[in-house]
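Novice: This is model_17.cif (mmCIF, C-alpha atoms).
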data_target
#
loop_
_atom_site.group_PDB
_atom_site.id
_atom_site.type_symbol
_atom_site.label_atom_id
_atom_site.label_comp_id
_atom_site.auth_asym_id
_atom_site.auth_seq_id
_atom_site.Cartn_x
_atom_site.Cartn_y
_atom_site.Cartn_z
ATOM 1 C CA MET A 385 -3.679 5.789 22.988
ATOM 2 C CA LEU A 386 -5.121 8.642 20.925
ATOM 3 C CA HIS A 387 -7.342 11.540 21.932
ATOM 4 C CA VAL A 388 -9.973 12.410 19.324
ATOM 5 C CA ARG A 389 -12.050 15.577 19.051
ATOM 6 C CA VAL A 390 -14.914 16.036 16.606
ATOM 7 C CA VAL A 391 -17.698 18.538 16.036
ATOM 8 C CA SER A 392 -20.859 16.657 15.207
ATOM 9 C CA PRO A 393 -23.885 18.222 13.497
ATOM 10 C CA PRO A 394 -26.660 18.271 16.153
ATOM 11 C CA GLY A 395 -28.913 15.941 14.180
ATOM 12 C CA ALA A 396 -26.224 13.271 13.886
ATOM 13 C CA THR A 397 -24.879 13.338 17.434
ATOM 14 C CA GLU A 398 -27.281 10.842 19.013
ATOM 15 C CA GLU A 399 -26.486 8.126 16.479
ATOM 16 C CA LEU A 400 -22.759 8.918 16.701
ATOM 17 C CA ILE A 401 -22.719 8.686 20.502
ATOM 18 C CA GLY A 402 -24.599 5.406 20.416
ATOM 19 C CA LYS A 403 -21.968 3.829 18.182
ATOM 20 C CA LEU A 404 -19.049 5.253 20.127
ATOM 21 C CA ALA A 405 -20.426 4.174 23.494
ATOM 22 C CA ALA A 406 -20.805 0.603 22.255
ATOM 23 C CA ASP A 407 -17.308 0.390 20.767
ATOM 24 C CA PRO A 408 -14.766 -1.544 22.901
ATOM 25 C CA GLY A 409 -11.924 0.741 21.805
ATOM 26 C CA ILE A 410 -13.474 3.941 23.188
ATOM 27 C CA ARG A 411 -12.601 5.365 26.603
ATOM 28 C CA ASN A 412 -13.548 8.591 28.431
ATOM 29 C CA LEU A 413 -16.347 9.618 26.083
ATOM 30 C CA ILE A 414 -17.394 13.261 26.632
ATOM 31 C CA VAL A 415 -20.272 15.080 24.914
ATOM 32 C CA LEU A 416 -20.784 18.858 25.128
ATOM 33 C CA PRO A 417 -24.066 19.693 23.382
ATOM 34 C CA GLY A 418 -23.936 22.908 21.393
ATOM 35 C CA ALA A 419 -20.346 23.707 22.425
ATOM 36 C CA GLY A 420 -18.912 23.547 18.900
ATOM 37 C CA ARG A 421 -18.216 26.757 16.966
ATOM 38 C CA ARG A 422 -16.914 27.146 13.426
ATOM 39 C CA PRO A 423 -18.538 24.821 12.564
ATOM 40 C CA ASP A 424 -21.452 24.883 14.966
ATOM 41 C CA GLY A 425 -22.448 21.591 16.529
ATOM 42 C CA ASP A 426 -21.903 19.287 19.466
ATOM 43 C CA ALA A 427 -18.350 18.838 20.756
ATOM 44 C CA VAL A 428 -17.454 15.161 21.190
ATOM 45 C CA GLN A 429 -14.202 13.954 22.733
ATOM 46 C CA PHE A 430 -12.921 10.498 23.564
ATOM 47 C CA ASP A 431 -9.783 8.433 24.011
ATOM 48 C CA LEU A 432 -9.154 5.716 21.474
ATOM 49 C CA LEU A 433 -6.994 2.616 21.895
ATOM 50 C CA ASP A 434 -4.435 2.364 19.099
ATOM 51 C CA GLN A 435 -5.408 -1.120 17.983
ATOM 52 C CA PHE A 436 -8.970 0.041 17.227
ATOM 53 C CA ALA A 437 -7.979 3.358 15.656
ATOM 54 C CA ASN A 438 -8.076 2.505 11.942
ATOM 55 C CA ARG A 439 -11.578 1.048 12.086
ATOM 56 C CA VAL A 440 -13.034 3.744 14.368
ATOM 57 C CA LEU A 441 -11.569 6.629 12.369
ATOM 58 C CA ARG A 442 -12.752 5.072 9.120
ATOM 59 C CA GLU A 443 -16.285 4.720 10.475
ATOM 60 C CA LEU A 444 -16.132 8.228 11.933
ATOM 61 C CA ARG A 445 -15.198 9.735 8.567
ATOM 62 C CA ALA A 446 -17.960 7.793 6.863
ATOM 63 C CA GLN A 447 -20.585 9.016 9.334
ATOM 64 C CA LEU A 448 -19.519 12.646 9.558
ATOM 65 C CA GLY A 449 -18.491 13.026 5.923
ATOM 66 C CA ASN A 450 -17.641 16.666 5.314
ATOM 67 C CA GLY A 451 -19.957 17.776 8.088
ATOM 68 C CA GLY A 452 -17.410 17.933 10.898
ATOM 69 C CA PRO A 453 -13.638 18.097 11.435
ATOM 70 C CA ILE A 454 -11.701 15.307 13.167
ATOM 71 C CA ALA A 455 -8.672 16.190 15.305
ATOM 72 C CA VAL A 456 -6.361 13.449 16.577
ATOM 73 C CA GLU A 457 -3.469 13.739 19.014
ATOM 74 C CA ASN A 458 -1.274 11.210 20.792
ATOM 75 C CA VAL A 459 -1.693 10.658 24.514
ATOM 76 C CA ASP A 460 1.826 10.284 25.882
ATOM 77 C CA VAL A 461 0.785 8.903 29.271
ATOM 78 C CA SER A 462 -2.532 7.562 30.526
ATOM 79 C CA ILE A 463 -2.797 6.973 34.286
ATOM 80 C CA SER A 464 -5.584 4.662 35.382
ATOM 81 C CA GLY A 465 -6.469 3.054 38.671
ATOM 82 C CA GLN A 466 -7.087 -0.287 37.000
ATOM 83 C CA ALA A 467 -5.509 -2.251 34.221
ATOM 84 C CA ASP A 468 -6.836 -1.453 30.798
ATOM 85 C CA SER A 469 -8.907 -4.322 29.549
ATOM 86 C CA GLY A 470 -8.552 -3.311 25.909
ATOM 87 C CA THR A 471 -6.369 -5.687 23.998
ATOM 88 C CA SER A 472 -5.419 -5.901 20.397
ATOM 89 C CA ALA A 473 -7.399 -8.250 18.239
ATOM 90 C CA GLY A 474 -4.117 -9.732 17.112
ATOM 91 C CA SER A 475 -2.446 -10.058 20.493
ATOM 92 C CA ARG A 476 -1.751 -13.466 21.915
ATOM 93 C CA PRO A 477 -3.268 -14.658 25.174
ATOM 94 C CA GLY A 478 -0.948 -13.966 28.060
ATOM 95 C CA ARG A 479 0.813 -11.087 26.342
ATOM 96 C CA GLY A 480 0.403 -7.688 27.946
ATOM 97 C CA PRO A 481 -0.400 -4.544 25.968
ATOM 98 C CA ARG A 482 3.283 -3.664 26.023
ATOM 99 C CA PHE A 483 3.997 -6.468 23.562
ATOM 100 C CA ALA A 484 0.727 -6.420 21.619
ATOM 101 C CA ASP A 485 0.804 -6.097 17.843
ATOM 102 C CA VAL A 486 -0.677 -2.672 17.048
ATOM 103 C CA PRO A 487 -1.092 -1.669 13.392
ATOM 104 C CA PRO A 488 -0.076 1.794 12.196
ATOM 105 C CA VAL A 489 -2.831 4.402 12.304
ATOM 106 C CA TRP A 490 -2.935 5.107 8.586
ATOM 107 C CA ASP A 491 -4.755 8.429 8.874
ATOM 108 C CA ILE A 492 -1.923 9.748 11.061
ATOM 109 C CA VAL A 493 0.781 8.247 8.831
ATOM 110 C CA GLU A 494 -0.709 9.833 5.716
ATOM 111 C CA ALA A 495 -1.213 13.168 7.484
ATOM 112 C CA LYS A 496 2.484 13.239 8.462
ATOM 113 C CA ILE A 497 3.595 12.406 4.931
ATOM 114 C CA ARG A 498 1.285 15.007 3.404
ATOM 115 C CA ALA A 499 2.606 17.586 5.882
ATOM 116 C CA GLY A 500 6.066 16.929 4.429
ATOM 117 C CA GLY A 501 4.584 17.378 0.955
ATOM 118 C CA ARG A 502 4.183 21.131 1.324
ATOM 119 C CA TYR A 503 6.743 23.253 -0.456
ATOM 120 C CA PRO A 504 6.974 26.793 0.918
ATOM 121 C CA LEU A 505 9.924 29.080 0.288
ATOM 122 C CA SER A 506 11.704 27.559 3.292
ATOM 123 C CA PHE A 507 11.829 24.178 1.489
ATOM 124 C CA PHE A 508 13.909 25.613 -1.337
ATOM 125 C CA THR A 509 15.937 27.786 1.039
ATOM 126 C CA LEU A 510 16.929 24.749 3.119
ATOM 127 C CA LEU A 511 17.883 22.841 -0.026
ATOM 128 C CA VAL A 512 20.188 25.675 -1.109
ATOM 129 C CA ILE A 513 21.746 25.974 2.357
ATOM 130 C CA ALA A 514 22.232 22.205 2.556
ATOM 131 C CA GLY A 515 23.820 22.267 -0.903
ATOM 132 C CA LEU A 516 26.255 25.003 0.130
ATOM 133 C CA ILE A 517 27.196 23.168 3.332
ATOM 134 C CA GLY A 518 27.792 20.063 1.234
ATOM 135 C CA ALA A 519 29.932 22.077 -1.193
ATOM 136 C CA VAL A 520 32.159 23.284 1.638
ATOM 137 C CA GLY A 521 32.417 19.703 2.889
ATOM 138 C CA ILE A 522 33.518 18.493 -0.537
ATOM 139 C CA LEU A 523 36.065 21.300 -0.972
ATOM 140 C CA THR A 524 37.586 20.666 2.460
ATOM 141 C CA ASN A 525 37.159 16.868 2.402
ATOM 142 C CA SER A 526 35.087 17.125 5.589
ATOM 143 C CA GLN A 527 32.769 14.167 6.131
ATOM 144 C CA ILE A 528 31.215 15.924 9.120
ATOM 145 C CA LEU A 529 29.960 18.742 6.904
ATOM 146 C CA ILE A 530 28.588 16.219 4.410
ATOM 147 C CA VAL A 531 26.572 14.592 7.204
ATOM 148 C CA ALA A 532 25.383 18.040 8.311
ATOM 149 C CA ALA A 533 24.210 18.795 4.769
ATOM 150 C CA MET A 534 22.269 15.522 4.682
ATOM 151 C CA VAL A 535 20.485 16.351 7.932
ATOM 152 C CA VAL A 536 19.599 19.904 6.868
ATOM 153 C CA GLY A 537 18.161 18.842 3.504
ATOM 154 C CA PRO A 538 14.317 18.652 3.480
ATOM 155 C CA GLU A 539 14.003 16.553 0.333
ATOM 156 C CA TYR A 540 12.872 13.319 2.032
ATOM 157 C CA GLY A 541 9.480 14.885 2.760
ATOM 158 C CA ALA A 542 8.943 15.511 -0.946
ATOM 159 C CA ILE A 543 10.204 12.018 -1.783
ATOM 160 C CA MET A 544 7.736 10.337 0.580
ATOM 161 C CA ALA A 545 4.882 12.620 -0.517
ATOM 162 C CA THR A 546 5.559 11.484 -4.093
ATOM 163 C CA ALA A 547 5.701 7.843 -2.971
ATOM 164 C CA LEU A 548 2.364 8.211 -1.176
ATOM 165 C CA GLY A 549 0.922 9.821 -4.313
ATOM 166 C CA ILE A 550 2.021 6.816 -6.355
ATOM 167 C CA GLU A 551 0.628 4.376 -3.790
ATOM 168 C CA LYS A 552 -2.705 6.250 -3.619
ATOM 169 C CA LYS A 553 -2.721 7.046 -7.373
ATOM 170 C CA ASP A 554 -2.921 10.761 -6.598
ATOM 171 C CA ARG A 555 -1.612 12.527 -9.693
ATOM 172 C CA GLY A 556 -1.636 15.908 -7.991
ATOM 173 C CA ALA A 557 0.652 14.724 -5.189
ATOM 174 C CA ILE A 558 2.974 13.010 -7.677
ATOM 175 C CA ALA A 559 3.221 16.087 -9.887
ATOM 176 C CA GLY A 560 3.711 18.394 -6.916
ATOM 177 C CA GLY A 561 6.421 16.236 -5.351
ATOM 178 C CA LEU A 562 8.360 15.697 -8.575
ATOM 179 C CA THR A 563 8.135 19.379 -9.486
ATOM 180 C CA ALA A 564 9.427 20.404 -6.047
ATOM 181 C CA LEU A 565 12.294 17.904 -6.249
ATOM 182 C CA VAL A 566 13.356 18.908 -9.767
ATOM 183 C CA ALA A 567 13.077 22.641 -9.096
ATOM 184 C CA GLY A 568 14.654 22.406 -5.636
ATOM 185 C CA PHE A 569 17.668 20.376 -6.732
ATOM 186 C CA ALA A 570 18.116 22.532 -9.831
ATOM 187 C CA ILE A 571 18.263 25.654 -7.650
ATOM 188 C CA ALA A 572 20.645 23.940 -5.218
ATOM 189 C CA VAL A 573 22.951 22.825 -8.048
ATOM 190 C CA LEU A 574 22.925 26.325 -9.546
ATOM 191 C CA ALA A 575 23.704 27.888 -6.162
ATOM 192 C CA THR A 576 26.626 25.529 -5.529
ATOM 193 C CA ALA A 577 27.941 26.120 -9.058
ATOM 194 C CA ILE A 578 27.923 29.890 -8.480
ATOM 195 C CA PHE A 579 29.546 29.347 -5.085
ATOM 196 C CA GLY A 580 32.223 27.153 -6.697
ATOM 197 C CA LEU A 581 32.945 29.755 -9.364
ATOM 198 C CA LEU A 582 33.330 32.459 -6.714
ATOM 199 C CA ILE A 583 35.724 30.291 -4.693
ATOM 200 C CA ARG A 584 37.683 29.405 -7.825
ATOM 201 C CA TRP A 585 37.974 32.973 -9.090
ATOM 202 C CA SER A 586 38.876 34.289 -5.629
ATOM 203 C CA GLY A 587 41.798 31.886 -5.355
ATOM 204 C CA HIS A 588 40.563 30.257 -2.141
ATOM 205 C CA THR A 589 40.306 26.736 -3.494
ATOM 206 C CA PRO A 590 41.848 24.308 -0.951
ATOM 207 C CA ARG A 591 45.180 22.977 -2.148
ATOM 208 C CA LEU A 592 44.232 19.304 -1.937
ATOM 209 C CA TYR A 593 41.034 19.825 -3.943
ATOM 210 C CA GLU A 594 42.964 21.816 -6.543
ATOM 211 C CA ASP A 595 45.531 19.005 -6.812
ATOM 212 C CA GLY A 596 42.785 16.454 -7.412
ATOM 213 C CA VAL A 597 42.908 14.853 -3.950
ATOM 214 C CA ARG A 598 39.144 14.602 -3.463
ATOM 215 C CA PRO A 599 38.237 11.494 -1.462
ATOM 216 C CA VAL A 600 34.807 12.824 -0.438
ATOM 217 C CA SER A 601 33.951 13.888 -3.974
ATOM 218 C CA ASP A 602 35.193 10.592 -5.415
ATOM 219 C CA LEU A 603 32.936 8.678 -3.047
ATOM 220 C CA ILE A 604 29.905 10.745 -4.084
ATOM 221 C CA ASN A 605 30.366 10.750 -7.849
ATOM 222 C CA SER A 606 31.139 7.035 -8.165
ATOM 223 C CA PRO A 607 27.801 5.197 -7.831
ATOM 224 C CA ASN A 608 28.015 1.425 -7.692
ATOM 225 C CA VAL A 609 26.119 -1.598 -6.457
ATOM 226 C CA PHE A 610 26.617 -0.503 -2.860
ATOM 227 C CA SER A 611 24.886 2.788 -3.656
ATOM 228 C CA VAL A 612 21.869 0.762 -4.739
ATOM 229 C CA ILE A 613 21.958 -1.395 -1.610
ATOM 230 C CA VAL A 614 22.203 1.588 0.745
ATOM 231 C CA ALA A 615 19.424 3.479 -1.066
ATOM 232 C CA VAL A 616 17.078 0.478 -0.920
ATOM 233 C CA LEU A 617 17.807 -0.203 2.754
ATOM 234 C CA ALA A 618 17.425 3.493 3.615
ATOM 235 C CA GLY A 619 14.104 3.549 1.788
ATOM 236 C CA ILE A 620 12.860 0.576 3.811
ATOM 237 C CA VAL A 621 14.002 2.128 7.079
ATOM 238 C CA GLY A 622 12.400 5.432 6.112
ATOM 239 C CA VAL A 623 8.955 4.068 5.347
ATOM 240 C CA VAL A 624 8.962 1.799 8.417
ATOM 241 C CA SER A 625 10.069 4.657 10.665
ATOM 242 C CA LEU A 626 7.215 6.807 9.371
ATOM 243 C CA THR A 627 4.572 4.143 9.893
ATOM 244 C CA GLU A 628 5.976 3.185 13.302
ATOM 245 C CA SER A 629 6.711 6.808 14.374
ATOM 246 C CA ARG A 630 10.386 6.108 15.015
ATOM 247 C CA ALA A 631 12.026 9.530 14.645
ATOM 248 C CA ASN A 632 15.548 8.335 15.466
ATOM 249 C CA ALA A 633 15.486 5.809 12.649
ATOM 250 C CA LEU A 634 14.201 8.466 10.251
ATOM 251 C CA ILE A 635 17.163 10.704 11.074
ATOM 252 C CA GLY A 636 19.358 7.756 10.148
ATOM 253 C CA VAL A 637 17.812 7.822 6.681
ATOM 254 C CA PHE A 638 18.704 11.497 6.291
ATOM 255 C CA ILE A 639 22.387 10.796 6.904
ATOM 256 C CA SER A 640 22.653 7.644 4.797
ATOM 257 C CA VAL A 641 21.404 8.669 1.348
ATOM 258 C CA THR A 642 23.471 10.624 -1.164
ATOM 259 C CA THR A 643 21.047 13.233 -2.493
ATOM 260 C CA ILE A 644 22.185 16.639 -1.236
ATOM 261 C CA PRO A 645 25.921 15.733 -1.463
ATOM 262 C CA ALA A 646 25.386 14.611 -5.064
ATOM 263 C CA ALA A 647 23.694 17.915 -5.923
ATOM 264 C CA SER A 648 26.564 19.802 -4.265
ATOM 265 C CA ASP A 649 29.132 17.810 -6.211
ATOM 266 C CA MET A 650 27.257 18.425 -9.460
ATOM 267 C CA GLY A 651 27.499 22.192 -8.972
ATOM 268 C CA LEU A 652 31.136 22.163 -7.840
ATOM 269 C CA SER A 653 32.243 19.820 -10.616
ATOM 270 C CA ALA A 654 30.587 22.058 -13.195
ATOM 271 C CA ALA A 655 32.256 25.135 -11.692
ATOM 272 C CA TYR A 656 35.679 23.483 -11.918
ATOM 273 C CA GLY A 657 35.068 21.921 -15.343
ATOM 274 C CA SER A 658 35.182 18.350 -14.026
ATOM 275 C CA TRP A 659 32.488 17.001 -16.319
ATOM 276 C CA PRO A 660 33.001 13.244 -15.727
ATOM 277 C CA GLU A 661 32.542 13.865 -11.993
ATOM 278 C CA ALA A 662 29.464 15.978 -12.702
ATOM 279 C CA ARG A 663 27.946 13.111 -14.731
ATOM 280 C CA GLY A 664 28.693 10.620 -11.958
ATOM 281 C CA SER A 665 27.077 12.862 -9.331
ATOM 282 C CA THR A 666 24.031 13.354 -11.546
ATOM 283 C CA PHE A 667 23.587 9.600 -11.854
ATOM 284 C CA GLN A 668 24.095 9.217 -8.092
ATOM 285 C CA LEU A 669 21.364 11.784 -7.377
ATOM 286 C CA LEU A 670 18.886 10.221 -9.810
ATOM 287 C CA LEU A 671 19.650 6.732 -8.512
ATOM 288 C CA ASN A 672 18.955 7.676 -4.894
ATOM 289 C CA VAL A 673 15.818 9.724 -5.548
ATOM 290 C CA VAL A 674 14.232 7.138 -7.861
ATOM 291 C CA LEU A 675 14.997 4.230 -5.520
ATOM 292 C CA LEU A 676 13.723 6.080 -2.441
ATOM 293 C CA ILE A 677 10.450 6.916 -4.186
ATOM 294 C CA ALA A 678 10.010 3.380 -5.534
ATOM 295 C CA VAL A 679 10.856 1.700 -2.225
ATOM 296 C CA GLY A 680 8.638 4.169 -0.346
ATOM 297 C CA ALA A 681 5.614 3.456 -2.531
ATOM 298 C CA ALA A 682 6.183 -0.309 -2.463
ATOM 299 C CA GLY A 683 6.804 -0.262 1.290
ATOM 300 C CA LEU A 684 3.553 1.564 2.009
ATOM 301 C CA ARG A 685 1.597 -0.832 -0.200
ATOM 302 C CA LEU A 686 3.225 -3.904 1.334
ATOM 303 C CA GLN A 687 2.667 -2.760 4.917
ATOM 304 C CA ARG A 688 -0.997 -2.050 4.244
ATOM 305 C CA ALA A 689 -1.414 -5.529 2.757
ATOM 306 C CA VAL A 690 0.433 -7.238 5.617
ATOM 307 C CA TRP A 691 -1.532 -5.457 8.341
ATOM 308 C CA ARG A 692 -4.829 -5.969 6.514
ATOM 309 C CA ASN A 693 -4.131 -9.695 6.299
ATOM 310 C CA ARG A 694 -3.135 -9.901 9.972
ATOM 311 C CA THR A 695 -6.220 -7.967 11.048
ATOM 312 C CA GLU A 696 -8.533 -10.165 9.007
ATOM 313 C CA ARG A 697 -6.986 -13.348 10.396
ATOM 314 C CA ALA A 698 -7.232 -12.023 13.953
ATOM 315 C CA ALA A 699 -10.887 -11.106 13.406
ATOM 316 C CA ALA A 700 -11.579 -14.571 12.013
ATOM 317 C CA ARG A 701 -10.009 -16.184 15.069
ATOM 318 C CA ALA A 702 -12.050 -13.936 17.346
ATOM 319 C CA ARG A 703 -15.293 -15.058 15.631
ATOM 320 C CA ARG A 704 -14.599 -18.747 16.234
ATOM 321 C CA PRO A 705 -16.698 -20.254 19.036
ATOM 322 C CA ALA A 706 -14.842 -20.974 22.220
ATOM 323 C CA PRO A 707 -14.077 -24.690 22.804
ATOM 324 C CA PRO A 708 -16.387 -26.375 25.337
ATOM 325 C CA PRO A 709 -14.938 -26.677 28.840
ATOM 326 C CA THR A 710 -13.362 -29.989 29.634
ATOM 327 C CA ALA A 711 -14.582 -32.033 32.553
#
Output the file's structure as structure tokens, nothing else.
Specialist:
Amino acid sequence: MLHVRVVSPPGATEELIGKLAADPGIRNLIVLPGAGRRPDGDAVQFDLLDQFANRVLRELRAQLGNGGPIAVENVDVSISGQADSGTSAGSRPGRGPRFADVPPVWDIVEAKIRAGGRYPLSFFTLLVIAGLIGAVGILTNSQILIVAAMVVGPEYGAIMATALGIEKKDRGAIAGGLTALVAGFAIAVLATAIFGLLIRWSGHTPRLYEDGVRPVSDLINSPNVFSVIVAVLAGIVGVVSLTESRANALIGVFISVTTIPAASDMGLSAAYGSWPEARGSTFQLLLNVVLLIAVGAAGLRLQRAVWRNRTERAAARARRPAPPPTA
């Protein structure tokens, strides 16, 4: 269930309340005339069942236009004295709400992705820090540090913001995401290269790395068919976890794709003059970023189409007349 708050222009409130009161997905409708400030208007609040959310929010935006803001938040627990009679249009008879098919709320999904498509100074700072952690992991052959670098890296937000831009044909979002990714990884590679030079010149290079025993680095800078498979599967998991709000699965994406480690290996390999390894890491980074963006955009488009088709079929079934009772 969602809780929605809007500020309605006074002249539009009566029509808005009439539509909301008649909608089967609305619960706990509250109207506070004249309570809205900045902008001024009538404060309207209500609870909204998830399965009706896309349609109601779409109609709400169309009616309010730019005249009033819409705030949406999740209701973690709703305690009621009676069973909720609201059911999904696509749920089967006899199935409780717990097992009903509820489509993603696309306004919330897009808002989350766009929130990850902001690139303040902290975005680039985290990329540099993640790159340095990855560099230490490569030098010491520590897989734990490589995983830590993957988790710290914020690049997946920019990747999904770019994918959403492609899916929505938003050139501004595409340009912003690609620019942030190119600039961010370039800074991270430069930082790790400087770090590698300092370690090399100071004589603190680990003996195994100096002798060419680099199992972690070899894994990163040797892209193959399995790199493609993992990137595609991670992209699918990532887009599904965003649309289904599964945070644990999204963390799994962070620790399964070779973006930050590849950038770290690019900088270190350049610092130590290992140019074949630097080329392999560069290809690994490009492979993962391109596949994640492509799979993200395709996954969003496919999910929209699937849910639209299921919703339309459910609505068509609901419009069919009920069979006459048998004697």
Novice: Around range 505-518 of chain A, fit a box with edges along x, y and z, padding it by 4 Å on each side, then list its centre and edge lengths in Å to one decimal as AutoDock Vina command-line options.
Specialist:
--center_x 18.9 --center_y 24.6 --center_z 1.0 --size_x 25.9 --size_y 17.0 --size_z 12.7
Novice: So which one's closest to Tyr656 in chain A, A:Val674, A:Val621, A:Leu523, A:Ile530? Using all atoms listed in the file, please.
Specialist: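 For Tyr656 in chain A, the nearest of the candidates is A:Leu523.
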Novice: Interatomic distance between CA of Asn525 in chain A and CA of Pro599 in chain A?
Specialist: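 Rounded to one decimal, the two atoms are 6.7 Å apart.
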Novice: Show me the residues around (29.0, 1.8, -4.8) - criterion: an atom at most 12 Å away, only C-alpha atoms counted - as a list of chain:residue names.
Specialist: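 The residues that fall inside the cut-off are A:Asp602, A:Leu603, A:Ile604, A:Asn605, A:Ser606, A:Pro607, A:Asn608, A:Val609, A:Phe610, A:Ser611, A:Val612, A:Ile613, A:Val614, A:Ala615, A:Val641, A:Thr642, A:Gly664, A:Phe667, A:Gln668, A:Leu671, A:Asn672.
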Novice: Output as a tab-separated table one row per residue of range 589-672 of chain A within 9 Å of range 492-512 of chain A: the closest atom pair and its distance in Å to one decimal place, counting all atoms listed in the file, sorted by chain and residue number ascending.
Specialist:
residue	atom	partner	partner_atom	distance
A:Leu626	CA	A:Val493	CA	6.6
A:Thr627	CA	A:Val493	CA	5.7
A:Glu628	CA	A:Val493	CA	8.5
A:Ser629	CA	A:Val493	CA	8.2
A:Ile644	CA	A:Leu511	CA	7.6
Novice: With the PyMOL selection byres ((chain A and resi 422) around 10) as the selection, what would be picked from this file? Answer as a PyMOL selection string, please.
Specialist: chain A and resi 391+420-421+423-425+452-453
Novice: Between CA of Ala455 in chain A and CA of Arg389 in chain A, what is the spacing in Å?
Specialist: 5.1 Å
